[in-house]
Structure formats: C-alpha cells, structure tokens
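coords-v7.cif follows (mmCIF, C-alpha atoms):
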data_work
loop_
_atom_site.label_atom_id
_atom_site.label_comp_id
_atom_site.auth_asym_id
_atom_site.auth_seq_id
_atom_site.Cartn_x
_atom_site.Cartn_y
_atom_site.Cartn_z
CA MET V 1 -0.89 9.14 -44.82
CA GLU V 2 -0.20 6.39 -42.37
CA GLU V 3 -2.88 5.99 -39.79
CA VAL V 4 -2.33 4.17 -36.52
CA VAL V 5 -5.30 3.06 -34.46
CA LYS V 6 -4.33 3.14 -30.78
CA VAL V 7 -5.82 0.66 -28.37
CA GLY V 8 -5.83 1.90 -24.76
CA MET V 9 -6.01 -0.15 -21.59
CA ALA V 10 -9.21 -2.24 -21.35
CA GLU V 11 -10.13 -1.44 -24.95
CA LEU V 12 -10.79 -3.56 -28.02
CA LYS V 13 -10.35 -2.24 -31.52
CA ILE V 14 -10.46 -3.66 -35.01
CA ALA V 15 -8.91 -2.06 -38.08
CA ARG V 16 -8.12 -2.97 -41.67
CA ALA V 17 -5.32 -2.31 -44.18
CA PRO V 18 -3.72 0.10 -44.98
CA LYS V 19 -3.98 1.19 -41.35
CA LYS V 20 -1.80 0.03 -38.51
CA ILE V 21 -3.07 -0.88 -35.09
CA ALA V 22 -1.05 -0.46 -31.88
CA ALA V 23 -1.05 -0.82 -28.10
CA LEU V 24 1.60 1.41 -26.54
CA GLY V 25 3.33 1.12 -23.19
CA LEU V 26 2.17 -2.30 -22.04
CA GLY V 27 3.30 -3.15 -18.52
CA SER V 28 1.75 -6.21 -16.95
CA CYS V 29 -1.16 -5.83 -19.37
CA ILE V 30 -1.25 -8.10 -22.41
CA ALA V 31 -2.22 -7.25 -25.96
CA ILE V 32 -3.87 -10.15 -27.80
CA CYS V 33 -3.23 -9.46 -31.48
CA VAL V 34 -5.17 -11.36 -34.14
CA TYR V 35 -4.92 -11.00 -37.88
CA ASP V 36 -6.68 -12.44 -40.91
CA PRO V 37 -4.25 -12.18 -43.86
CA GLU V 38 -6.95 -12.89 -46.43
CA VAL V 39 -9.15 -9.87 -45.70
CA LYS V 40 -6.31 -7.90 -44.03
CA VAL V 41 -8.29 -7.24 -40.90
CA GLY V 42 -6.63 -7.19 -37.51
CA GLY V 43 -7.67 -6.55 -33.94
CA ILE V 44 -6.07 -5.94 -30.58
CA VAL V 45 -7.59 -6.31 -27.16
CA HIS V 46 -5.66 -4.76 -24.25
CA VAL V 47 -6.17 -7.07 -21.26
CA MET V 48 -5.58 -5.74 -17.72
CA LEU V 49 -6.56 -8.45 -15.30
CA PRO V 50 -6.60 -12.24 -15.43
CA SER V 51 -10.14 -13.04 -14.44
CA SER V 52 -13.57 -11.40 -14.61
CA SER V 53 -14.54 -13.25 -11.44
CA MET V 54 -12.16 -11.10 -9.34
CA ALA V 55 -13.96 -7.89 -10.32
CA THR V 56 -17.00 -6.18 -8.86
CA ASP V 57 -17.60 -4.56 -12.23
CA ASN V 58 -17.05 -6.98 -15.10
CA GLN V 59 -19.19 -5.31 -17.75
CA ASN V 60 -16.25 -4.59 -19.99
CA ARG V 61 -15.20 -7.91 -21.49
CA ALA V 62 -12.05 -6.44 -23.01
CA LYS V 63 -10.51 -6.05 -19.57
CA PHE V 64 -10.16 -9.66 -18.50
CA GLY V 65 -8.04 -12.60 -19.60
CA ASP V 66 -10.92 -15.06 -19.56
CA THR V 67 -13.42 -12.93 -21.52
CA ALA V 68 -11.27 -10.87 -23.89
CA LEU V 69 -10.52 -13.49 -26.53
CA PRO V 70 -14.12 -14.62 -27.17
CA PHE V 71 -15.07 -10.93 -27.40
CA LEU V 72 -12.26 -10.26 -29.87
CA LEU V 73 -13.20 -13.25 -32.03
CA GLU V 74 -16.83 -12.10 -32.19
CA GLU V 75 -15.78 -8.65 -33.33
CA MET V 76 -13.29 -10.04 -35.85
CA THR V 77 -15.98 -12.25 -37.35
CA LYS V 78 -18.30 -9.27 -37.64
CA ALA V 79 -15.53 -7.47 -39.53
CA GLY V 80 -15.31 -10.31 -42.05
CA ALA V 81 -12.46 -12.39 -40.65
CA LYS V 82 -12.63 -16.19 -40.65
CA PHE V 83 -11.69 -18.20 -37.60
CA GLU V 84 -9.60 -20.73 -39.58
CA ARG V 85 -7.35 -18.02 -41.00
CA LEU V 86 -6.62 -16.18 -37.77
CA ASP V 87 -3.09 -15.65 -36.59
CA VAL V 88 -2.72 -14.98 -32.86
CA LYS V 89 0.19 -13.31 -31.11
CA LEU V 90 0.65 -12.19 -27.52
CA VAL V 91 2.67 -9.21 -26.27
CA GLY V 92 3.15 -7.84 -22.75
CA GLY V 93 2.79 -9.44 -19.34
CA ALA V 94 5.90 -7.97 -17.73
CA GLU V 95 6.49 -7.54 -14.02
CA MET V 96 7.41 -3.88 -13.93
CA PHE V 97 8.38 -3.73 -10.29
CA ALA V 98 10.18 -7.01 -10.15
CA ASN V 99 11.72 -6.96 -6.70
CA GLU V 100 8.42 -6.36 -5.04
CA ILE V 101 6.92 -9.59 -6.09
CA LYS V 102 7.49 -12.52 -3.85
CA ASN V 103 3.86 -13.40 -3.62
CA GLU V 104 2.61 -15.49 -6.56
CA ARG V 105 -0.82 -13.92 -6.32
CA LEU V 106 0.64 -10.51 -7.12
CA LYS V 107 2.33 -11.57 -10.34
CA ILE V 108 -0.36 -10.05 -12.51
CA GLY V 109 1.67 -10.20 -15.73
CA GLU V 110 2.20 -13.92 -15.38
CA ARG V 111 -1.37 -14.56 -14.33
CA ASN V 112 -2.69 -12.56 -17.26
CA LEU V 113 -0.60 -14.68 -19.58
CA GLN V 114 -1.79 -17.96 -18.06
CA ALA V 115 -5.43 -16.92 -18.31
CA ILE V 116 -5.06 -15.91 -21.95
CA GLU V 117 -3.13 -19.02 -22.95
CA GLU V 118 -5.84 -21.09 -21.36
CA SER V 119 -8.53 -19.13 -23.18
CA CYS V 120 -6.71 -19.68 -26.50
CA LYS V 121 -6.59 -23.40 -25.87
CA LYS V 122 -10.25 -23.46 -25.00
CA MET V 123 -11.17 -21.63 -28.20
CA GLY V 124 -8.93 -23.94 -30.25
CA LEU V 125 -6.52 -21.23 -31.35
CA LYS V 126 -2.78 -21.67 -31.62
CA VAL V 127 -0.56 -18.81 -30.53
CA SER V 128 2.01 -18.32 -33.28
CA GLY V 129 4.24 -15.78 -31.58
CA ARG V 130 4.93 -14.30 -28.19
CA CYS V 131 6.90 -11.47 -26.72
CA VAL V 132 5.96 -11.78 -23.07
CA GLY V 133 7.30 -11.62 -19.54
CA SER V 134 10.58 -10.07 -18.33
CA ASN V 135 10.70 -6.71 -16.55
CA THR V 136 10.42 -4.35 -19.48
CA GLY V 137 7.46 -2.46 -20.85
CA LYS V 138 6.51 -3.15 -24.46
CA SER V 139 4.74 -1.43 -27.32
CA VAL V 140 3.22 -3.43 -30.15
CA THR V 141 2.35 -2.22 -33.64
CA MET V 142 0.70 -4.44 -36.22
CA ASP V 143 0.91 -3.54 -39.89
CA LEU V 144 -2.40 -4.66 -41.37
CA GLU V 145 -1.06 -4.75 -44.92
CA SER V 146 1.52 -7.43 -44.13
CA GLY V 147 0.46 -8.70 -40.71
CA THR V 148 3.94 -7.96 -39.39
CA ILE V 149 4.15 -7.24 -35.69
CA GLN V 150 6.82 -5.01 -34.24
CA VAL V 151 7.53 -4.93 -30.54
CA ARG V 152 9.44 -2.00 -29.09
CA THR V 153 11.10 -1.87 -25.70
CA ILE V 154 13.49 0.74 -24.38
CA ASN V 155 16.28 -1.62 -25.44
CA GLY V 156 15.27 -1.88 -29.08
CA THR V 157 12.79 -3.31 -31.55
CA VAL V 158 12.04 -6.92 -32.48
CA THR V 159 9.80 -8.24 -35.23
CA LEU V 160 7.47 -11.14 -34.54
CA SER V 161 6.63 -13.21 -37.57
CA MET L 1 -17.46 -0.25 -2.89
CA SER L 2 -16.82 3.22 -4.24
CA LYS L 3 -17.81 4.26 -7.72
CA ILE L 4 -15.15 6.71 -8.73
CA GLY L 5 -17.25 8.53 -11.26
CA ASP L 6 -19.75 9.44 -8.53
CA LEU L 7 -17.36 11.42 -6.34
CA ASN L 8 -18.66 14.95 -5.92
CA ASN L 9 -16.60 18.14 -6.07
CA PHE L 10 -16.40 18.49 -2.32
CA GLN L 11 -15.01 14.99 -1.96
CA LEU L 12 -12.49 15.65 -4.71
CA ASP L 13 -11.46 18.88 -2.96
CA VAL L 14 -10.83 17.01 0.25
CA LEU L 15 -8.59 14.56 -1.58
CA LYS L 16 -6.80 17.50 -3.19
CA GLU L 17 -6.15 19.01 0.22
CA ILE L 18 -4.71 15.74 1.45
CA GLY L 19 -2.38 15.85 -1.53
CA ASN L 20 -1.49 19.44 -0.84
CA ILE L 21 -0.48 18.87 2.75
CA GLY L 22 1.36 15.64 1.99
CA ALA L 23 3.23 16.96 -1.02
CA GLY L 24 4.13 20.14 0.85
CA HIS L 25 5.94 18.07 3.44
CA ALA L 26 7.56 15.95 0.76
CA ALA L 27 8.82 19.00 -1.14
CA THR L 28 10.25 20.48 2.04
CA ALA L 29 12.10 17.24 2.70
CA LEU L 30 13.60 17.22 -0.78
CA SER L 31 14.51 20.88 -0.55
CA GLN L 32 16.42 20.31 2.68
CA LEU L 33 18.10 17.24 1.27
CA ILE L 34 19.57 19.03 -1.72
CA SER L 35 19.69 22.57 -0.28
CA GLU L 36 17.79 24.12 -3.13
CA PRO L 37 14.37 25.68 -3.41
CA ILE L 38 11.59 23.50 -4.74
CA ALA L 39 8.46 24.76 -6.42
CA MET L 40 5.28 22.75 -6.26
CA THR L 41 1.98 22.91 -8.11
CA VAL L 42 -1.43 22.68 -6.51
CA PRO L 43 -2.27 18.95 -6.56
CA ASN L 44 -4.59 17.61 -9.13
CA VAL L 45 -7.10 14.91 -8.32
CA SER L 46 -7.59 13.16 -11.60
CA VAL L 47 -10.28 10.74 -12.59
CA VAL L 48 -9.12 9.26 -15.86
CA SER L 49 -10.63 6.68 -18.13
CA LEU L 50 -8.50 3.52 -18.08
CA SER L 51 -8.00 3.73 -21.82
CA GLU L 52 -6.30 7.12 -21.41
CA VAL L 53 -4.02 6.26 -18.51
CA SER L 54 -0.95 5.78 -20.72
CA GLU L 55 -1.16 9.31 -22.04
CA ILE L 56 -1.27 11.10 -18.67
CA LEU L 57 2.27 12.43 -18.93
CA GLY L 58 2.45 12.91 -22.67
CA GLY L 59 3.28 9.95 -24.90
CA ALA L 60 3.01 6.40 -23.57
CA GLU L 61 6.47 5.51 -24.85
CA GLN L 62 8.39 8.33 -23.24
CA GLU L 63 11.34 6.96 -21.29
CA VAL L 64 11.20 7.79 -17.63
CA VAL L 65 12.53 6.74 -14.27
CA GLY L 66 9.83 5.71 -11.85
CA VAL L 67 10.24 5.03 -8.15
CA TYR L 68 7.43 2.94 -6.78
CA MET L 69 6.34 2.18 -3.24
CA ARG L 70 3.37 0.40 -1.74
CA MET L 71 1.45 1.90 1.16
CA PHE L 72 0.31 -0.46 3.88
CA GLY L 73 -1.85 -0.03 6.92
CA ASP L 74 -5.18 1.76 7.18
CA VAL L 75 -4.88 3.42 3.77
CA PRO L 76 -3.42 0.89 1.34
CA GLY L 77 -2.28 2.17 -2.01
CA LYS L 78 0.73 3.13 -4.04
CA ILE L 79 3.09 6.02 -4.41
CA ILE L 80 5.00 6.68 -7.61
CA PHE L 81 7.58 9.31 -8.52
CA VAL L 82 8.21 9.88 -12.18
CA PHE L 83 11.12 11.80 -13.68
CA ALA L 84 12.13 12.20 -17.29
CA GLU L 85 15.25 10.13 -17.80
CA GLU L 86 17.70 13.00 -18.29
CA GLU L 87 16.31 14.88 -15.33
CA ALA L 88 16.66 11.79 -13.16
CA LEU L 89 20.33 11.67 -14.12
CA THR L 90 20.84 15.29 -13.11
CA LEU L 91 19.05 14.79 -9.82
CA ALA L 92 21.02 11.65 -9.03
CA GLY L 93 24.23 13.52 -9.86
CA MET L 94 23.35 16.22 -7.37
CA LEU L 95 23.07 13.69 -4.61
CA THR L 96 26.04 11.53 -5.42
CA GLY L 97 28.26 14.45 -6.38
CA ASN L 98 29.44 12.57 -9.45
CA ASN L 99 29.09 13.54 -13.04
CA ASN L 100 27.93 10.53 -14.95
CA GLU L 101 28.40 11.02 -18.65
CA SER L 102 27.14 7.63 -19.76
CA GLN L 103 23.48 8.73 -20.01
CA THR L 104 22.32 5.66 -18.13
CA LEU L 105 21.89 5.34 -14.40
CA ASN L 106 24.42 3.25 -12.52
CA ASP L 107 23.49 1.29 -9.41
CA TYR L 108 24.72 3.99 -7.08
CA GLU L 109 22.54 6.59 -8.77
CA LYS L 110 19.54 4.30 -8.82
CA SER L 111 19.97 3.81 -5.12
CA ALA L 112 20.17 7.58 -4.60
CA LEU L 113 16.89 8.11 -6.48
CA GLN L 114 15.21 5.36 -4.50
CA GLU L 115 16.35 7.10 -1.37
CA ILE L 116 14.85 10.38 -2.53
CA GLY L 117 11.60 8.51 -3.10
CA ASN L 118 11.86 7.01 0.35
CA ILE L 119 12.48 10.28 2.14
CA MET L 120 9.78 12.18 0.29
CA THR L 121 7.27 9.41 0.82
CA GLY L 122 8.12 9.31 4.50
CA ALA L 123 7.36 13.02 4.77
CA TYR L 124 4.15 12.69 2.76
CA LEU L 125 2.87 9.79 4.80
CA TYR L 126 3.82 11.44 8.07
CA ALA L 127 1.58 14.35 7.11
CA LEU L 128 -1.14 11.95 6.07
CA THR L 129 -1.06 10.05 9.36
CA LYS L 130 -1.05 13.31 11.36
CA LEU L 131 -4.06 14.53 9.42
CA THR L 132 -6.15 11.40 9.56
CA GLY L 133 -4.98 9.69 12.71
CA TYR L 134 -4.48 6.55 10.67
CA ASN L 135 -1.47 4.35 10.51
CA VAL L 136 0.21 4.21 7.11
CA LEU L 137 3.54 2.59 6.28
CA SER L 138 5.49 2.30 3.06
CA SER L 139 7.39 -0.55 1.45
CA VAL L 140 10.97 -0.32 0.23
CA PRO L 141 11.24 1.71 -2.98
CA ILE L 142 11.60 -0.04 -6.32
CA LEU L 143 13.01 1.69 -9.35
CA ALA L 144 11.95 1.08 -12.92
CA ASN L 145 13.58 2.72 -15.91
CA ASP L 146 11.03 2.23 -18.67
CA MET L 147 8.18 3.59 -20.77
CA VAL L 148 5.91 5.86 -18.79
CA GLY L 149 2.79 4.11 -20.09
CA ALA L 150 3.97 0.74 -18.84
CA ILE L 151 4.75 2.10 -15.39
CA LEU L 152 1.44 3.92 -14.98
CA ASN L 153 -0.66 1.11 -16.46
CA THR L 154 0.79 -1.32 -13.98
CA ALA L 155 0.37 1.04 -11.05
CA LEU L 156 -3.28 1.78 -11.78
CA LEU L 157 -4.24 -1.77 -12.67
CA GLU L 158 -6.35 -2.41 -9.59
CA PHE L 159 -8.95 0.16 -10.60
CA GLY L 160 -9.95 -2.27 -13.32
CA ILE L 161 -11.57 -4.38 -10.63
CA ILE L 162 -14.19 -1.76 -9.77
CA GLY L 163 -14.81 0.05 -13.01
CA ASP L 164 -13.38 1.83 -16.02
CA TYR L 165 -11.85 4.84 -14.29
CA ALA L 166 -8.68 5.36 -12.27
CA LEU L 167 -8.20 7.97 -9.57
CA PHE L 168 -4.94 9.47 -8.38
CA ILE L 169 -3.65 12.58 -6.64
CA GLN L 170 -0.88 14.14 -8.69
CA THR L 171 1.55 16.90 -7.75
CA GLN L 172 4.30 18.31 -9.87
CA PHE L 173 7.39 19.68 -8.18
CA SER L 174 10.32 21.35 -9.84
CA LEU L 175 13.83 22.52 -9.21
CA THR L 176 13.44 25.69 -11.17
CA GLN L 177 17.14 26.47 -11.56
CA ARG L 178 17.89 23.09 -13.07
CA LYS L 179 14.76 22.50 -15.07
CA ILE L 180 14.00 19.28 -13.25
CA ASN L 181 10.32 18.36 -13.02
CA GLY L 182 9.15 15.43 -10.96
CA HIS L 183 5.68 14.01 -10.76
CA PHE L 184 4.36 12.56 -7.56
CA PHE L 185 1.37 10.23 -7.66
CA LEU L 186 -0.61 8.99 -4.71
CA VAL L 187 -2.85 6.17 -5.79
CA PRO L 188 -5.20 4.91 -3.08
CA ASP L 189 -6.35 1.33 -3.54
CA PRO L 190 -9.99 1.34 -4.63
CA GLY L 191 -11.22 0.42 -1.15
CA ALA L 192 -9.03 3.00 0.60
CA LEU L 193 -10.86 5.99 -0.85
CA ASP L 194 -13.78 5.61 1.51
CA VAL L 195 -11.37 5.25 4.41
CA LEU L 196 -9.57 8.48 3.53
CA LEU L 197 -12.74 10.50 3.13
CA ASP L 198 -14.27 8.99 6.21
CA ALA L 199 -11.24 9.92 8.32
CA LEU L 200 -11.70 13.55 7.41
CA GLY L 201 -15.36 13.54 8.31
CA VAL L 202 -16.60 13.62 4.78
CA GLU L 203 -19.80 11.79 4.25
CA VAL L 204 -19.29 8.85 2.00
CA GLU L 205 -22.41 8.43 0.02
CA TRP L 206 -21.96 6.04 -2.83
CA LYS L 207 -24.50 4.97 -5.30
CA LYS L 208 -24.46 1.24 -5.22
#
Represent the supplied structure as structure tokens.
Amino acid sequence: MEEVVKVGMAELKIARAPKKIAALGLGSCIAICVYDPEVKVGGIVHVMLPSSSMATDNQNRAKFGDTALPFLLEEMTKAGAKFERLDVKLVGGAEMFANEIKNERLKIGERNLQAIEESCKKMGLKVSGRCVGSNTGKSVTMDLESGTIQVRTINGTVTLS
Amino acid sequence: MSKIGDLNNFQLDVLKEIGNIGAGHAATALSQLISEPIAMTVPNVSVVSLSEVSEILGGAEQEVVGVYMRMFGDVPGKIIFVFAEEEALTLAGMLTGNNNESQTLNDYEKSALQEIGNIMTGAYLYALTKLTGYNVLSSVPILANDMVGAILNTALLEFGIIGDYALFIQTQFSLTQRKINGHFFLVPDPGALDVLLDALGVEVEWKK
C-alpha cells in the first residue's frame, strides 16, 4: 500500500522509499524538498516565516527561512543521506491575496523565498528546481523511489525534475 | 505577549461570545440581503496546532472560494469567509440573478461575493465596536479561488511569530434550503487578543 507522509505547517519530516512525502496546500509557505537518490531518503521542511529574528518564540527551527535548511540537513545526515548527493527543490511562496500587497514588507511569500535562497547559498547547496511565486496555492508530493516531485495547483499538475 | 495555549476556559468563552454577537449580526445582514432564512452554529473558538491548520475544513486541497479582509484599528486581525466552490457559485447566482453554467466564477460573480463579505463583515465589526467601545475598520475584500489549506495557512501565518498554535473564532452559517454552508473566521492578530479580552473586563493573566 502506498504510504504518504504529510508534513504540516512548521514541521520537518524525513521518510524513505517506498513511501512518498508531501506538503499539501502551501500558500505563502515554502516547502524545501531534499532528496538523496543513493539511499532513497527524502525530507521536507514546511517554512512559514522568513526570519527567526522576527519571532518572540523561535524554538521551532522548522518554521523559519534562515534556520530550516540547516535543521533539515542535520536530520537528513542522521538518516544516512550524504551532503554531496543532495538534490534541493523549492515549492510554494505564493501571494494568496495579491491585491492587498502594496507594501514590500508584507510580501511574505517572496521574503520566505529570498531567505531560503540565501540559506542555500550559505550552505553551498544548489537549488535544482523551483515552482514558486504567483498567486496560486500549491501541493507538493515527492516520490522517494524515483525522487520525482509533483506539484499540484487548482489549474493542474506539473512535474519538477 | 499572549501565550495562546494558556488561555483559560473563561477567556475562551468570552471570545466565543464576541463571535456569537458578531456573527449574529452578520447572519442577519446576509439574510436581509438575499431574503432567505439563515441558520448559524454556536461559534467555536479553536486553538489549533500550526501543523494541523490545513486540515481544519477537511482536506487541505479542497477547492474553495475565500473572501479575505484585514481589520484595522484597535483590534487588528483578519476576517475570512470560506465557501465550497459550487456553493459559492450558487450564492453568487442568487445575488446576480444569472445562471452561470460554466462552473467557474466570472468577474461579476466574484464582485458579488466580495460584496457579501463586505456587508457581513461590516455588520460583524459594528457589533464588535458596540460591544467593546473600540474602533475597528476593515479593508476592501479580496477574493481567492484556491485550495483551502493555502488560504488558511496564509491567513494564520502570523501566529508563527509567537508560538506553535493558532487561534480563531469560527462560525458556520447555512442557507438550509439550498444546502449552502459558509464558514466565517475571525482571526485576531496575536497582540490583539489581550486588547479584546481587556475591553470586556476579563483579566489578562499571561504566563510570560
């Protein structure tokens, strides 16, 4: 039976083949998806906010764009993945209520993306695929057998490879 | 600032009563607008773990129409109406008097739904200002036709700043004859909770 591990907002989860791992209904949140094809282990962290410094409670490292990736890499390593083999893809970061946003500071989707891109650069990781921005919500499912990532929106499905 | 998990039952009841009075006014407004009776549930004050927010209304990927407004003034926050997509079409049809067979909302219908959101929010906030003596205004309504998880995640985002739980006051209202169910969410900004409780004379006693 096919098992899908669901990653909720501000959560981090790791799974291995033959399971699938998914983050459903991403708005301005971003799912960082990493995969090691050799050991067939993958992880998703569901990031809500760009920076841990804006929060009064920043215990949960999965929540923030600046702390989520290091956290995810630690957990992936524990699960047997190797840094050199990791494939990184980003999904989400929409502005759901587009017309509202005239103020740059309020563009959380875009700011989340910037923070995560910066974090990737800092960690020396290249992002190999993105499905980010626009005004539509997204769901991402990663097949841990093949590493294929499918992104669903209400307009259809695309495959990131 | 407030720790949502530490709210006691009395404080939650007060928030529920605010929801009750506000939503009662809002339902009356909608009922007069469409000349049909509206049924309303007792509001629910929900404290939900952030990781479960997407599942509040069933599956995260369910397609819905959401009308979103910001609240400004003494009690900042957000208001969101959520309708299942088909039900939104029926409701819009009632207002515009047209029968749209295309299964997607046209601009005219979107505008009609935004207006419903506007009128109901006006009634809700009027009740809220009467009750608290505070000044609360709303922004123009914005409509999103998308996955329910994406809409709710985005609306409850700010709770991530103060902890791992989100709080909202939810009321369901229905047009029984037409099987239309709408969900009304009042989401106070994290800092506005204390203001609301304080206005009603409820002691705000947070564990720091």
Excluding region 148-160 of chain V and its own-chain neighbours fewer than 3 positions away, which residues fall within 6 Å of it when counting all atoms listed in the file? Please give them as a list in words.
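Within the cut-off, the hits are Lys138, Ser139, Val140, Thr141, Met142 and Asp143 of chain V.
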So that each row is one residue of chain V with an atom at most 8 Å from chain L, can you give its shortest atom pair and the distance in Å to one decimal, using all atoms listed in the file, rows by chain and rising number, as a tab-separated table?
residue	atom	partner	partner_atom	distance
V:Val7	CA	L:Ser51	CA	7.6
V:Gly8	CA	L:Ser51	CA	4.1
V:Met9	CA	L:Ser51	CA	4.4
V:Ala10	CA	L:Ser51	CA	6.1
V:Glu11	CA	L:Ser51	CA	6.4
V:Leu24	CA	L:Ala60	CA	6.0
V:Gly25	CA	L:Gly149	CA	4.3
V:Leu26	CA	L:Ala150	CA	4.8
V:Gly27	CA	L:Ala150	CA	4.0
V:Ser28	CA	L:Thr154	CA	5.8
V:Cys29	CA	L:Thr154	CA	7.3
V:Met48	CA	L:Leu157	CA	6.6
V:Leu49	CA	L:Gly160	CA	7.3
V:Met54	CA	L:Ile161	CA	6.9
V:Ala55	CA	L:Ile161	CA	4.3
V:Thr56	CA	L:Ile162	CA	5.3
V:Asp57	CA	L:Ile162	CA	5.1
V:Asn58	CA	L:Ile161	CA	7.5
V:Lys63	CA	L:Gly160	CA	7.3
V:Met96	CA	L:Ile151	CA	6.7
V:Phe97	CA	L:Ile142	CA	6.3
V:Asn99	CA	L:Ile142	CA	6.9
V:Glu100	CA	L:Ile142	CA	7.2
V:Thr136	CA	L:Asp146	CA	6.7
V:Gly137	CA	L:Ala150	CA	5.1
V:Lys138	CA	L:Ala150	CA	7.3
V:Ser139	CA	L:Glu61	CA	7.6
V:Thr153	CA	L:Met147	CA	7.9
V:Ile154	CA	L:Asp146	CA	6.4
Got time to write the residues from that selection, C-alpha atoms, as a compact mmCIF listing (two decimals), keeping the file's coordinate frame?
# COMPACT_ATOMS: atom_id res chain seq x y z
CA VAL V 7 -5.82 0.66 -28.37
CA GLY V 8 -5.83 1.90 -24.76
CA MET V 9 -6.01 -0.15 -21.59
CA ALA V 10 -9.21 -2.24 -21.35
CA GLU V 11 -10.13 -1.44 -24.95
CA LEU V 24 1.60 1.41 -26.54
CA GLY V 25 3.33 1.12 -23.19
CA LEU V 26 2.17 -2.30 -22.04
CA GLY V 27 3.30 -3.15 -18.52
CA SER V 28 1.75 -6.21 -16.95
CA CYS V 29 -1.16 -5.83 -19.37
CA MET V 48 -5.58 -5.74 -17.72
CA LEU V 49 -6.56 -8.45 -15.30
CA MET V 54 -12.16 -11.10 -9.34
CA ALA V 55 -13.96 -7.89 -10.32
CA THR V 56 -17.00 -6.18 -8.86
CA ASP V 57 -17.60 -4.56 -12.23
CA ASN V 58 -17.05 -6.98 -15.10
CA LYS V 63 -10.51 -6.05 -19.57
CA MET V 96 7.41 -3.88 -13.93
CA PHE V 97 8.38 -3.73 -10.29
CA ASN V 99 11.72 -6.96 -6.70
CA GLU V 100 8.42 -6.36 -5.04
CA THR V 136 10.42 -4.35 -19.48
CA GLY V 137 7.46 -2.46 -20.85
CA LYS V 138 6.51 -3.15 -24.46
CA SER V 139 4.74 -1.43 -27.32
CA THR V 153 11.10 -1.87 -25.70
CA ILE V 154 13.49 0.74 -24.38
Name every residue that the PyMOL selection byres ((chain V and resi 69-82) around 7) selects in this structure, writing the answer as a PyMOL selection string with chains first and numbers rising.
chain V and resi 36+39+41+43+45+61-62+67-68+83-86+119
Give as a PyMOL selection string the residues that the PyMOL selection byres ((chain V and resi 130) around 12) matches when applied to the coordinates above.
chain V and resi 30-33+87-93+113+116-117+126-129+131-133+138+140+149-151+158-161
Residues in the PyMOL selection byres ((chain V and resi 14-17) around 6), expressed as a PyMOL selection string
chain V and resi 13+18-19+40-43+144-145
Computed interatomic separation between CA of Leu91 (chain L) and CA of Ile119 (chain L) (Å)
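Separation of CA of Leu91 (chain L) and CA of Ile119 (chain L): 14.4 Å.
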Using Å and a single decimal, report how far CA of Ile180 (chain L) sits from CA of Gly24 (chain L).
17.2 Å
